[in-house]
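Containing mmCIF, C-alpha atoms: work-v2.cif.
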```cif
data_coords
#
loop_
_atom_site.label_atom_id
_atom_site.label_comp_id
_atom_site.auth_asym_id
_atom_site.auth_seq_id
_atom_site.Cartn_x
_atom_site.Cartn_y
_atom_site.Cartn_z
CA MET A 23 13.71 7.27 -22.89
CA ASN A 24 13.38 7.09 -19.13
CA ALA A 25 11.04 8.56 -16.57
CA TYR A 26 12.78 10.22 -13.62
CA ILE A 27 11.98 10.87 -10.01
CA ALA A 28 14.10 11.98 -7.05
CA ARG A 29 13.91 10.48 -3.59
CA GLN A 30 15.21 12.06 -0.38
CA PRO A 31 14.92 10.27 2.98
CA ILE A 32 13.25 11.67 6.08
CA PHE A 33 14.64 10.64 9.48
CA ASN A 34 13.52 10.52 13.09
CA GLY A 35 15.63 11.59 16.05
CA ARG A 36 17.36 8.19 16.11
CA ARG A 37 18.47 8.76 12.49
CA GLU A 38 16.13 6.02 11.28
CA THR A 39 14.52 6.43 7.88
CA VAL A 40 10.78 6.84 8.37
CA GLY A 41 9.78 8.02 4.89
CA TYR A 42 10.91 9.45 1.58
CA GLU A 43 10.05 12.70 -0.09
CA LEU A 44 9.42 12.10 -3.81
CA LEU A 45 10.43 14.99 -6.03
CA PHE A 46 9.88 15.95 -9.65
CA ARG A 47 12.71 15.65 -12.18
CA ASP A 48 12.24 16.67 -15.80
CA GLY A 49 14.55 14.10 -17.39
CA SER A 50 17.09 16.65 -18.60
CA GLY A 51 19.85 14.76 -16.82
CA SER A 52 20.13 17.32 -14.02
CA ASN A 53 19.22 16.36 -10.46
CA LYS A 54 17.22 19.57 -10.11
CA ALA A 55 13.49 20.14 -10.16
CA ARG A 56 13.24 22.62 -13.10
CA VAL A 57 9.49 22.90 -12.52
CA LYS A 58 7.54 24.94 -15.05
CA ASP A 59 4.07 23.91 -13.91
CA ASN A 60 3.62 22.91 -10.26
CA ASP A 61 0.29 21.20 -10.93
CA ALA A 62 1.72 19.08 -13.76
CA ALA A 63 4.83 18.27 -11.73
CA SER A 64 2.82 17.00 -8.76
CA ARG A 65 0.54 14.95 -10.99
CA LYS A 66 3.51 13.38 -12.72
CA VAL A 67 5.27 12.48 -9.46
CA LEU A 68 2.23 10.63 -8.13
CA THR A 69 1.23 8.92 -11.38
CA ASP A 70 4.77 7.84 -12.28
CA ALA A 71 5.46 6.69 -8.73
CA VAL A 72 2.36 4.49 -8.81
CA ASN A 73 2.26 3.38 -12.46
CA LEU A 74 5.95 3.07 -13.36
CA PHE A 75 8.18 2.81 -10.31
CA GLY A 76 5.75 1.33 -7.78
CA LEU A 77 5.38 3.18 -4.49
CA ASP A 78 6.67 0.33 -2.35
CA ASN A 79 9.73 -0.01 -4.58
CA LEU A 80 10.52 3.65 -3.99
CA THR A 81 9.84 3.75 -0.25
CA GLY A 82 10.35 0.20 1.00
CA GLY A 83 6.87 0.32 2.48
CA ARG A 84 7.45 3.63 4.28
CA PHE A 85 5.43 6.78 3.67
CA ALA A 86 5.93 8.76 0.47
CA TYR A 87 5.82 12.52 1.05
CA ILE A 88 4.50 14.21 -2.12
CA ASN A 89 3.85 17.90 -2.83
CA PHE A 90 0.35 18.96 -3.83
CA THR A 91 -0.72 22.41 -4.95
CA SER A 92 -3.85 24.19 -3.77
CA ARG A 93 -5.56 23.38 -7.05
CA LEU A 94 -4.85 19.65 -6.81
CA ILE A 95 -6.30 19.65 -3.31
CA LEU A 96 -9.37 21.71 -4.18
CA ASP A 97 -10.29 19.62 -7.22
CA ASP A 98 -9.60 16.32 -5.40
CA PHE A 99 -6.70 15.01 -7.49
CA VAL A 100 -5.03 14.52 -4.13
CA ARG A 101 -7.52 11.74 -3.39
CA ARG A 102 -5.90 9.59 -6.08
CA ALA A 103 -3.20 9.06 -3.46
CA ASP A 104 -3.51 6.13 -1.06
CA PRO A 105 -3.68 7.51 2.51
CA ALA A 106 -1.97 4.37 3.77
CA LYS A 107 1.09 5.12 1.62
CA VAL A 108 1.19 8.83 0.76
CA VAL A 109 1.58 11.87 2.99
CA ILE A 110 0.03 15.04 1.54
CA GLN A 111 2.46 17.96 1.55
CA VAL A 112 0.76 21.33 1.13
CA MET A 113 3.03 23.68 -0.76
CA GLY A 114 4.29 26.71 1.15
CA ASN A 115 2.62 29.11 -1.28
CA ALA A 116 -0.82 27.49 -0.94
CA VAL A 117 -3.80 29.82 -0.69
CA MET A 118 -5.59 29.26 2.61
CA ASN A 119 -9.30 30.08 2.79
CA ASP A 120 -12.57 28.53 3.93
CA GLU A 121 -12.76 26.19 0.93
CA MET A 122 -9.20 24.98 1.46
CA GLU A 123 -9.86 24.50 5.16
CA ASP A 124 -12.90 22.35 4.41
CA LYS A 125 -10.90 20.20 2.00
CA LEU A 126 -8.08 19.69 4.49
CA ARG A 127 -10.49 18.77 7.28
CA ALA A 128 -12.17 16.24 5.00
CA LEU A 129 -8.80 14.73 4.12
CA ARG A 130 -7.88 14.41 7.80
CA GLN A 131 -11.23 12.76 8.47
CA ASP A 132 -10.39 10.22 5.77
CA ASP A 133 -7.06 9.36 7.44
CA TYR A 134 -4.74 11.37 5.22
CA LEU A 135 -1.65 12.75 6.95
CA LEU A 136 -1.09 16.44 6.16
CA VAL A 137 2.19 18.34 6.10
CA LEU A 138 2.65 22.10 5.83
CA LYS A 139 5.85 22.55 3.88
CA ASN A 140 8.32 25.42 4.12
CA TYR A 141 6.71 27.15 7.09
CA LEU A 142 8.41 30.50 7.72
CA GLY A 143 5.93 31.98 10.17
CA GLN A 144 3.56 33.35 7.54
CA GLU A 145 0.75 35.14 9.32
CA HIS A 146 -2.03 33.78 7.09
CA TYR A 147 -1.15 30.18 8.05
CA ARG A 148 -1.47 30.59 11.81
CA PRO A 149 -5.24 30.01 12.09
CA TYR A 150 -4.81 26.74 10.18
CA LEU A 151 -1.71 25.22 11.79
CA SER A 152 -3.77 22.80 13.87
CA LEU A 153 -4.97 21.15 10.63
CA PHE A 154 -1.52 19.75 9.92
CA ASP A 155 0.01 16.62 11.37
CA VAL A 156 3.52 17.79 10.49
CA ILE A 157 4.91 21.31 10.13
CA ARG A 158 8.17 21.62 8.20
CA VAL A 159 10.33 24.55 9.26
CA ASN A 160 12.97 25.66 6.78
CA PHE A 161 16.23 25.98 8.73
CA ARG A 162 17.96 27.87 5.94
CA LYS A 163 15.40 30.68 5.86
CA THR A 164 14.68 31.06 9.58
CA ASN A 165 16.77 31.81 12.66
CA SER A 166 17.10 29.88 15.90
CA VAL A 167 14.71 32.21 17.74
CA PHE A 168 11.88 31.44 15.33
CA GLN A 169 12.78 27.75 15.10
CA ARG A 170 12.43 27.37 18.86
CA ALA A 171 9.34 29.57 19.11
CA ALA A 172 7.54 27.66 16.35
CA VAL A 173 7.48 24.49 18.42
CA ARG A 174 6.49 26.24 21.64
CA LYS A 175 3.86 28.67 20.32
CA TYR A 176 2.27 27.17 17.27
CA GLY A 177 2.18 23.45 17.84
CA THR A 178 -0.36 21.24 19.56
CA PRO A 179 0.34 18.04 21.51
CA GLU A 180 -0.48 16.12 18.32
CA THR A 181 1.68 18.24 15.97
CA VAL A 182 5.04 16.92 14.82
CA PHE A 183 7.67 19.45 13.71
CA MET A 184 10.18 18.63 11.00
CA ALA A 185 13.53 20.41 10.80
CA ASP A 186 14.02 20.89 7.07
CA ARG A 187 17.28 21.57 5.23
CA ILE A 188 19.57 20.49 8.05
CA GLU A 189 23.19 20.72 6.89
CA THR A 190 25.37 20.11 9.96
CA GLU A 191 25.53 17.92 13.04
CA LYS A 192 25.28 21.05 15.14
CA GLU A 193 21.97 22.01 13.50
CA PHE A 194 20.67 18.47 13.98
CA GLN A 195 21.47 18.46 17.69
CA ALA A 196 20.02 21.93 18.15
CA ALA A 197 16.77 20.92 16.42
CA LEU A 198 16.55 17.81 18.60
CA ASN A 199 16.89 19.92 21.72
CA MET A 200 14.19 22.31 20.46
CA GLY A 201 11.69 19.44 20.19
CA TYR A 202 11.82 18.62 16.48
CA GLN A 203 11.03 14.98 15.77
CA LEU A 204 11.61 14.62 12.03
CA PHE A 205 14.60 15.72 9.98
CA GLN A 206 15.68 16.15 6.39
CA GLY A 207 18.59 17.87 4.69
CA TYR A 208 21.88 17.54 2.90
CA TYR A 209 23.57 16.61 6.17
CA PHE A 210 21.81 13.24 5.88
CA GLY A 211 22.08 12.96 2.12
CA THR A 212 21.19 14.63 -1.16
CA PRO A 213 18.21 13.45 -3.20
CA ASP A 214 18.85 10.32 -5.25
CA MET A 215 17.64 10.61 -8.84
CA LEU A 216 16.09 7.36 -10.03
CA SER A 217 15.03 6.40 -13.53
CA ILE A 218 13.03 3.70 -15.24
CA PRO A 219 12.30 3.09 -18.93
CA ILE A 220 8.97 4.41 -20.10
CA LEU A 221 6.48 1.75 -21.13
CA PRO A 222 5.67 1.08 -24.78
CA LEU A 223 2.36 2.66 -25.73
CA ALA A 224 0.53 -0.69 -25.75
CA GLU A 225 1.29 -1.23 -22.05
CA THR A 226 -0.14 2.12 -20.91
CA ALA A 227 -3.76 3.04 -20.21
CA TYR A 228 -3.58 5.41 -23.18
CA GLY A 229 -2.48 2.64 -25.53
CA LYS A 230 -5.12 0.25 -24.26
CA ILE A 231 -7.85 2.75 -25.06
CA LEU A 232 -6.40 3.52 -28.49
CA SER A 233 -6.15 -0.21 -29.19
CA ALA A 234 -9.81 -0.70 -28.23
CA LEU A 235 -10.76 2.07 -30.67
CA LEU A 236 -8.75 0.45 -33.47
CA VAL A 237 -10.82 -2.74 -33.36
CA ILE A 238 -14.37 -1.46 -32.85
CA THR A 239 -16.99 -3.83 -34.21
CA PRO A 240 -20.80 -3.61 -33.84
CA ASP A 241 -20.89 -6.34 -31.20
CA VAL A 242 -18.15 -4.85 -28.99
CA ARG A 243 -19.08 -2.50 -26.15
CA TRP A 244 -16.03 -0.29 -26.68
CA GLU A 245 -17.36 2.35 -24.30
CA VAL A 246 -17.35 -0.20 -21.47
CA GLN A 247 -13.72 -1.08 -22.15
CA CYS A 248 -12.73 2.58 -22.23
CA ALA A 249 -14.64 3.40 -19.04
CA GLU A 250 -12.95 0.58 -17.13
CA ILE A 251 -9.49 1.73 -18.24
CA ILE A 252 -10.18 5.39 -17.41
CA GLN A 253 -11.58 4.58 -13.98
CA LYS A 254 -8.45 2.63 -13.02
CA ASP A 255 -5.92 5.24 -14.22
CA LEU A 256 -4.92 8.01 -11.80
CA LEU A 257 -4.53 10.76 -14.37
CA LEU A 258 -7.26 9.88 -16.87
CA SER A 259 -9.88 9.49 -14.14
CA TYR A 260 -8.91 12.96 -12.92
CA LEU A 261 -9.02 14.58 -16.38
CA PHE A 262 -12.18 12.91 -17.67
CA PRO A 263 -14.73 15.07 -15.78
CA ARG A 264 -13.48 18.10 -17.73
CA GLU A 265 -14.36 16.43 -21.02
CA MET A 266 -17.64 15.23 -19.58
CA ALA A 267 -18.53 18.79 -18.57
CA ALA A 268 -17.97 19.97 -22.16
CA LEU A 269 -20.41 17.45 -23.64
CA PRO A 270 -23.88 18.91 -24.37
CA PRO A 271 -26.67 17.06 -22.55
CA PRO A 272 -28.64 14.55 -24.62
CA SER A 273 -32.14 15.46 -25.66
CA GLY A 274 -35.29 13.75 -26.93
CA ARG A 275 -34.95 10.23 -28.29
CA LEU A 276 -31.17 10.30 -27.86
CA ARG A 277 -31.62 10.89 -24.11
CA ASP A 278 -34.17 8.10 -23.78
CA LYS A 279 -32.05 5.67 -25.80
CA SER A 280 -29.01 6.53 -23.72
CA ARG A 281 -30.91 5.74 -20.53
CA ARG A 282 -32.23 2.44 -21.83
CA SER A 283 -28.99 1.21 -23.38
CA HIS A 284 -26.43 2.17 -20.74
CA SER A 285 -26.92 1.54 -17.07
CA ASN A 286 -23.62 3.24 -16.20
CA ASP A 287 -23.54 7.03 -16.69
CA MET A 288 -19.86 7.05 -17.62
CA HIS A 289 -20.47 4.43 -20.32
CA ALA A 290 -23.26 6.58 -21.73
CA VAL A 291 -21.11 9.71 -21.76
CA ILE A 292 -18.25 7.95 -23.53
CA TYR A 293 -20.66 6.45 -26.05
CA ARG A 294 -22.07 9.89 -26.82
CA MET A 295 -18.61 11.41 -27.15
CA GLY A 296 -17.76 8.81 -29.74
CA PRO A 297 -14.43 7.27 -30.76
CA HIS A 298 -13.05 10.41 -32.42
CA TRP A 299 -13.46 12.56 -29.30
CA ILE A 300 -12.09 9.90 -26.96
CA ARG A 301 -9.13 9.18 -29.24
CA ARG A 302 -8.17 12.82 -29.44
CA TRP A 303 -8.53 13.37 -25.71
CA VAL A 304 -6.41 10.32 -24.86
CA CYS A 305 -3.67 11.37 -27.29
CA LEU A 306 -3.49 14.89 -25.87
CA ALA A 307 -3.31 13.56 -22.31
CA PHE A 308 -0.54 11.13 -23.25
CA LEU A 309 1.49 13.75 -25.11
CA ARG A 310 1.33 16.32 -22.34
CA HIS A 311 2.02 13.90 -19.50
CA ASN A 312 4.98 12.24 -21.24
CA ASN A 313 6.56 15.32 -22.79
CA ALA A 314 10.32 15.03 -22.27
CA SER A 315 11.30 17.62 -24.87
CA GLY A 316 11.42 20.64 -22.58
CA ASP A 317 9.09 22.43 -25.02
CA ASP A 318 5.52 22.69 -23.71
CA ASP A 319 4.23 23.55 -27.18
CA LEU A 320 5.34 20.34 -28.91
CA PRO A 321 2.38 18.24 -27.68
CA LEU A 322 0.06 20.93 -29.01
CA TYR A 323 1.81 20.89 -32.39
CA ALA A 324 1.38 17.12 -32.59
CA TYR A 325 -2.30 17.34 -31.70
CA ARG A 326 -2.84 20.10 -34.24
CA ARG A 327 -1.02 18.06 -36.89
CA GLY A 328 -3.39 15.17 -36.31
CA LEU A 329 -6.41 17.45 -36.64
CA PHE A 330 -5.04 19.08 -39.79
CA MET A 331 -4.31 15.75 -41.45
CA ASP A 332 -7.84 14.64 -40.61
CA ALA A 333 -9.30 17.80 -42.16
CA LEU A 334 -7.27 17.42 -45.36
CA ALA A 335 -7.99 13.71 -45.68
CA ALA A 336 -11.74 14.31 -45.42
CA LYS A 337 -11.61 16.50 -48.54
CA SER A 338 -9.15 14.43 -50.53
CA GLN A 339 -9.26 11.50 -52.90
CA LEU A 340 -6.37 9.80 -51.13
CA ASP A 341 -6.63 6.11 -50.30
CA VAL A 342 -6.85 6.63 -46.55
CA ASN A 343 -9.44 5.55 -43.99
CA VAL A 344 -10.81 8.80 -42.62
CA GLN A 345 -13.58 7.35 -40.46
CA SER A 346 -11.25 5.07 -38.50
CA GLY A 347 -9.29 7.95 -36.97
CA ASN A 348 -6.09 6.50 -38.41
CA VAL A 349 -5.15 9.76 -40.11
CA PHE A 350 -5.32 11.72 -36.86
CA LEU A 351 -3.34 9.01 -35.08
CA LEU A 352 -0.65 9.08 -37.76
CA GLY A 353 -0.23 12.83 -37.34
CA VAL A 354 0.18 12.51 -33.59
CA LEU A 355 2.51 9.53 -33.74
CA SER A 356 4.73 11.23 -36.31
CA MET A 357 5.95 13.65 -33.62
CA MET A 358 6.18 11.14 -30.80
CA GLU A 359 9.95 10.71 -31.03
CA GLN A 360 10.51 14.46 -30.57
CA ILE A 361 8.16 14.58 -27.59
CA VAL A 362 8.79 11.33 -25.76
CA GLY A 363 12.37 10.72 -26.84
CA GLU A 364 11.85 7.23 -28.22
CA GLY A 365 11.53 6.05 -31.80
CA PRO A 366 8.35 4.52 -33.21
CA LEU A 367 9.66 0.95 -33.15
CA TYR A 368 9.97 0.99 -29.36
CA LEU A 369 6.87 3.04 -28.66
CA LEU A 370 4.66 0.93 -30.92
CA HIS A 371 5.95 -2.45 -29.77
CA GLY A 372 2.89 -4.65 -29.24
CA PHE A 373 0.52 -1.94 -30.49
CA ALA A 374 -1.80 -3.20 -33.23
CA LEU A 375 -1.30 -0.24 -35.55
CA PRO A 376 -2.50 -0.92 -39.13
CA SER A 377 0.43 -1.86 -41.35
CA GLU A 378 -0.09 1.05 -43.75
CA LEU A 379 0.27 3.53 -40.86
CA ARG A 380 3.28 1.75 -39.42
CA ASP A 381 4.95 1.78 -42.85
CA ALA A 382 4.22 5.49 -43.27
CA LEU A 383 5.74 6.25 -39.86
CA THR A 384 8.89 4.23 -40.42
CA GLY A 385 9.36 5.28 -44.06
CA ASN A 386 9.05 1.70 -45.30
CA ALA A 387 6.33 2.46 -47.85
CA ASP A 388 5.31 5.26 -50.18
CA ASN A 389 1.55 5.02 -49.65
CA ASP A 390 -1.09 7.74 -49.48
CA TYR A 391 -0.73 8.05 -45.71
CA ALA A 392 2.95 8.84 -46.21
CA ALA A 393 2.11 11.33 -48.97
CA LEU A 394 -0.34 13.17 -46.73
CA LEU A 395 2.18 13.24 -43.89
CA ARG A 396 4.89 14.69 -46.16
CA TYR A 397 2.51 17.39 -47.35
CA VAL A 398 1.60 18.44 -43.81
CA GLU A 399 5.21 18.41 -42.59
CA LEU A 400 6.16 20.81 -45.38
CA TYR A 401 3.06 22.95 -44.97
CA GLU A 402 3.82 23.47 -41.27
CA LYS A 403 7.17 25.06 -42.14
CA HIS A 404 5.31 28.04 -43.64
CA ASP A 405 8.21 28.53 -46.05
CA PRO A 406 7.14 30.35 -49.23
CA ASP A 407 10.15 28.96 -51.07
CA VAL A 408 9.08 25.35 -50.50
CA THR A 409 6.98 23.72 -53.20
CA LEU A 410 4.25 21.62 -51.66
CA PRO A 411 3.62 18.21 -53.22
CA ASP A 412 0.35 17.70 -55.03
CA ILE A 413 -2.37 15.85 -53.20
CA PRO A 414 -5.79 15.27 -54.75
CA THR A 415 -8.07 17.57 -52.78
CA SER A 416 -11.14 19.72 -53.36
CA LEU A 417 -9.69 22.47 -51.16
CA ASP A 418 -7.89 25.45 -52.64
CA LYS A 419 -5.02 27.10 -50.79
CA TYR A 420 -7.30 29.58 -49.01
CA LYS A 421 -9.59 26.87 -47.69
CA ILE A 422 -6.53 24.91 -46.60
CA GLN A 423 -5.38 27.99 -44.67
CA ASP A 424 -8.82 28.25 -43.07
CA ALA A 425 -8.70 24.59 -42.12
CA TYR A 426 -5.29 25.05 -40.50
CA LYS A 427 -6.53 28.03 -38.48
CA ALA A 428 -9.59 26.04 -37.39
CA CYS A 429 -7.29 23.26 -36.17
CA MET A 430 -5.28 25.79 -34.17
CA GLU A 431 -8.47 27.01 -32.50
CA GLU A 432 -9.67 23.48 -31.80
CA THR A 433 -6.32 22.66 -30.21
CA GLU A 434 -6.59 25.67 -27.90
CA GLU A 435 -10.11 24.61 -26.93
CA ALA A 436 -8.98 21.05 -26.15
CA VAL A 437 -6.15 22.30 -23.94
CA THR A 438 -8.48 24.72 -22.18
CA ARG A 439 -10.92 21.92 -21.39
CA MET A 440 -8.11 19.78 -20.03
CA ASP A 441 -6.84 22.60 -17.81
CA THR A 442 -10.16 23.98 -16.59
CA PRO A 443 -10.81 23.17 -12.92
CA ILE A 444 -14.03 21.36 -12.11
CA GLN A 445 -16.13 23.28 -9.63
CA SER A 446 -16.91 21.22 -6.55
#
```

I'd like the structure from this file rewritten - as structure tokens, please.
Amino acid sequence: MNAYIARQPIFNGRRETVGYELLFRDGSGSNKARVKDNDAASRKVLTDAVNLFGLDNLTGGRFAYINFTSRLILDDFVRRADPAKVVIQVMGNAVMNDEMEDKLRALRQDDYLLVLKNYLGQEHYRPYLSLFDVIRVNFRKTNSVFQRAAVRKYGTPETVFMADRIETEKEFQAALNMGYQLFQGYYFGTPDMLSIPILPLAETAYGKILSALLVITPDVRWEVQCAEIIQKDLLLSYLFPREMAALPPPSGRLRDKSRRSHSNDMHAVIYRMGPHWIRRWVCLAFLRHNNASGDDDLPLYAYRRGLFMDALAAKSQLDVNVQSGNVFLLGVLSMMEQIVGEGPLYLLHGFALPSELRDALTGNADNDYAALLRYVELYEKHDPDVTLPDIPTSLDKYKIQDAYKACMEETEEAVTRMDTPIQS
């Protein structure tokens, strides 16, 4: 399976390429955006451009113009972008208020270049136009009177105007004469859709954390390893504060021990969360960010399956290692091919998954992990005509139903935490 991104050049008046707009593509094979979630799309463009494609490979060292929603600006995801390489494009439907103004001024102070995209003369933008280095005027949705007036009335000596969606030589020449300095549109070229193979799990930040959790020993500071990986990753470092906010504060001896044992606050928080919490959070982040199925619910189903398998295993006499988190991981990995579009052999290349789990995933062994997985796969069908296999468990069918419902609720809570904005 490949990751996709589209790239469309931006030109100056001499028809020289001065930057590239990077655009979301969902991997369906169509060179169209098909955006369901603007926040997720913007996050994916930046993280994939940096982690997979490499920004300089995409732009040749020129600026990358990337869309950011109001939310991604307000909660500072935008600051994961390098101001020396990325131009911040504020979406045309952004909510402008005092808080947004403060954020934009702070970004300008820190040398970020700001673009107002799809400007159509909206009244609520006029008090804020001076905040933007570039104003993009949509030439398909405005007339020549407005296009000329925008440059004369609303610009400052420092403001650059971009003529957007230019489709003819006549439009290009007219925009030049009006004072526009940057240009983009189908007249110069349609967006190129680029692709690159996704990385095996072991080569991603997610896989490195999961690998660290697979080999925990008493003398290994696993929380330090996890903290270092999270801090270096664009998406995980952005998502982690939400999990941190959900953790109850330590009290009594636990608080004192935490202060003595961990000089770094993030290390202490991860240590208190514990391997199970971190593992589940990392898996959910990976599933949602790399979902190529077109079905937003599939990552949630995989997460819920992992939780449900964990709950059943804890009350069973199966020969499975419940404490290691392997059962949860097996449930998640069992749906990876549907979500990511690659089989387990590719995804798990170089990943030190225990052999009994690998065999259960690939169907190469009939062990208790495989038996539990078969049970759960059939249970999830909710088909009264299907006879469920016997597994040795102390739970009756009603308690199993309760456990399944509890896993559904826990999944909703995990997604809510991941999607809840952090108040600045």

Using the chain letters and numbers from this file, what does the PyMOL selection byres ((chain A and resi 442) around 12) select? Give the answer as a ChimeraX atom specification.
/A:93-94,97,260-268,434-441,443-445

Checklist entry - So how far away is atom CA of A:Lys54 from atom CA of A:Gln195, in Å? => result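 Rounded to one decimal, the two atoms are 28.1 Å apart.
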
Given the PyMOL selection byres ((chain A and resi 85) around 9), the residues it picks as a ChimeraX atom specification
/A:40-43,77-78,81-84,86-87,106-109

- Who sits within 10 Å of A:Phe99, all atoms listed in the file, same chain under 6 positions skipped, as a PyMOL selection string: chain A and resi 61+64-65+68+90-91+93+256-257+259-261

Please, could you write that set of residues out with C-alpha atoms as a JSON list (two decimals), keeping the file's coordinate frame?
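Saved result, out-v1.json, follows:
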```json
[["chain", "number", "residue", "atom", "x", "y", "z"],
["A", 61, "ASP", "CA", 0.29, 21.20, -10.93],
["A", 64, "SER", "CA", 2.82, 17.00, -8.76],
["A", 65, "ARG", "CA", 0.54, 14.95, -10.99],
["A", 68, "LEU", "CA", 2.23, 10.63, -8.13],
["A", 90, "PHE", "CA", 0.35, 18.96, -3.83],
["A", 91, "THR", "CA", -0.72, 22.41, -4.95],
["A", 93, "ARG", "CA", -5.56, 23.38, -7.05],
["A", 256, "LEU", "CA", -4.92, 8.01, -11.80],
["A", 257, "LEU", "CA", -4.53, 10.76, -14.37],
["A", 259, "SER", "CA", -9.88, 9.49, -14.14],
["A", 260, "TYR", "CA", -8.91, 12.96, -12.92],
["A", 261, "LEU", "CA", -9.02, 14.58, -16.38]]
```

Measure the distance from atom CA of A:Arg170 to atom CA of A:Met200 in Å and round it to one decimal.
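Rounded to one decimal, the two atoms are 5.6 Å apart.
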
Task: A:Pro270, A:Met430, A:Leu417, A:Ile251 ranked by distance to A:Leu322, top pick (using all atoms listed in the file) - done: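 Using all atoms listed in the file, A:Leu322 sits closest to A:Met430.
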
Report as a count of residues only all protein, DNA and RNA residues lying within 10 Å of A:Leu216, evaluated on all atoms listed in the file, omitting residues in the same chain fewer than 5 positions from it.
10

Looking at only C-alpha atoms, which of A:Lys421, A:Lys403, A:Arg101, A:His371 is the one that sits closest to A:Thr226?
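Answer, going by the shortest atom-to-atom distance: A:His371.
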
A:Pro222 proximity check over A:Asn140, A:Asn79, A:Asn312, A:Asn348, using only C-alpha atoms: winner is A:Asn312

- Please write as a list in words the list of polymer residues whose atoms come within 7 Å of (-3.6, 19.5, 9.0), counting all atoms listed in the file and keeping to the coordinates of the file.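 All residues meeting the 7 Å criterion around (-3.6, 19.5, 9.0) are Leu126, Arg130, Leu136, Val137, Leu151, Ser152, Leu153, Phe154 and Asp155 of chain A.
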
Output C-alpha atoms of each residue in that selection to a file, as a short mmCIF file (atom, residue, chain, number, x, y, z; two decimals), in the frame of the given file.
```cif
data_model
loop_
_atom_site.label_atom_id
_atom_site.label_comp_id
_atom_site.auth_asym_id
_atom_site.auth_seq_id
_atom_site.Cartn_x
_atom_site.Cartn_y
_atom_site.Cartn_z
CA LEU A 126 -8.08 19.69 4.49
CA ARG A 130 -7.88 14.41 7.80
CA LEU A 136 -1.09 16.44 6.16
CA VAL A 137 2.19 18.34 6.10
CA LEU A 151 -1.71 25.22 11.79
CA SER A 152 -3.77 22.80 13.87
CA LEU A 153 -4.97 21.15 10.63
CA PHE A 154 -1.52 19.75 9.92
CA ASP A 155 0.01 16.62 11.37
#
```

May I ask for the distance between atom CA of A:Val398 and atom CA of A:Pro297, given in Å to one decimal place?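 Between these atoms lies a distance of 23.5 Å.
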
message: Assuming the chain letters and numbering stay as they are in my file, what does the PyMOL selection byres ((chain A and resi 23) around 9) actually select? List them as a list of chain:residue names.
response: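 Evaluating the PyMOL selection byres ((chain A and resi 23) around 9) on this file yields A:Asn24, A:Ala25, A:Gly49, A:Ile218, A:Pro219, A:Ile220, A:Ala314, A:Val362, A:Gly363, A:Glu364.
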
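Take the candidates A:Ser346, A:Leu340, A:Ala374, A:Asp98 and check each one against A:Asp390 using all atoms listed in the file; the shortest distance goes to A:Leu340.
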
In terms of only C-alpha atoms, the residue from A:Lys139, A:Lys66, A:Arg36, A:Arg56 at minimal distance from A:Arg310 is A:Lys66

Test item: residues at most 12 Å from stretch 177-180 of chain A, only C-alpha atoms, excluding those fewer than 2 positions along its chain, as an MDAnalysis selection string: chainID A and resid 135 148:159 169:175 182:184 201:203
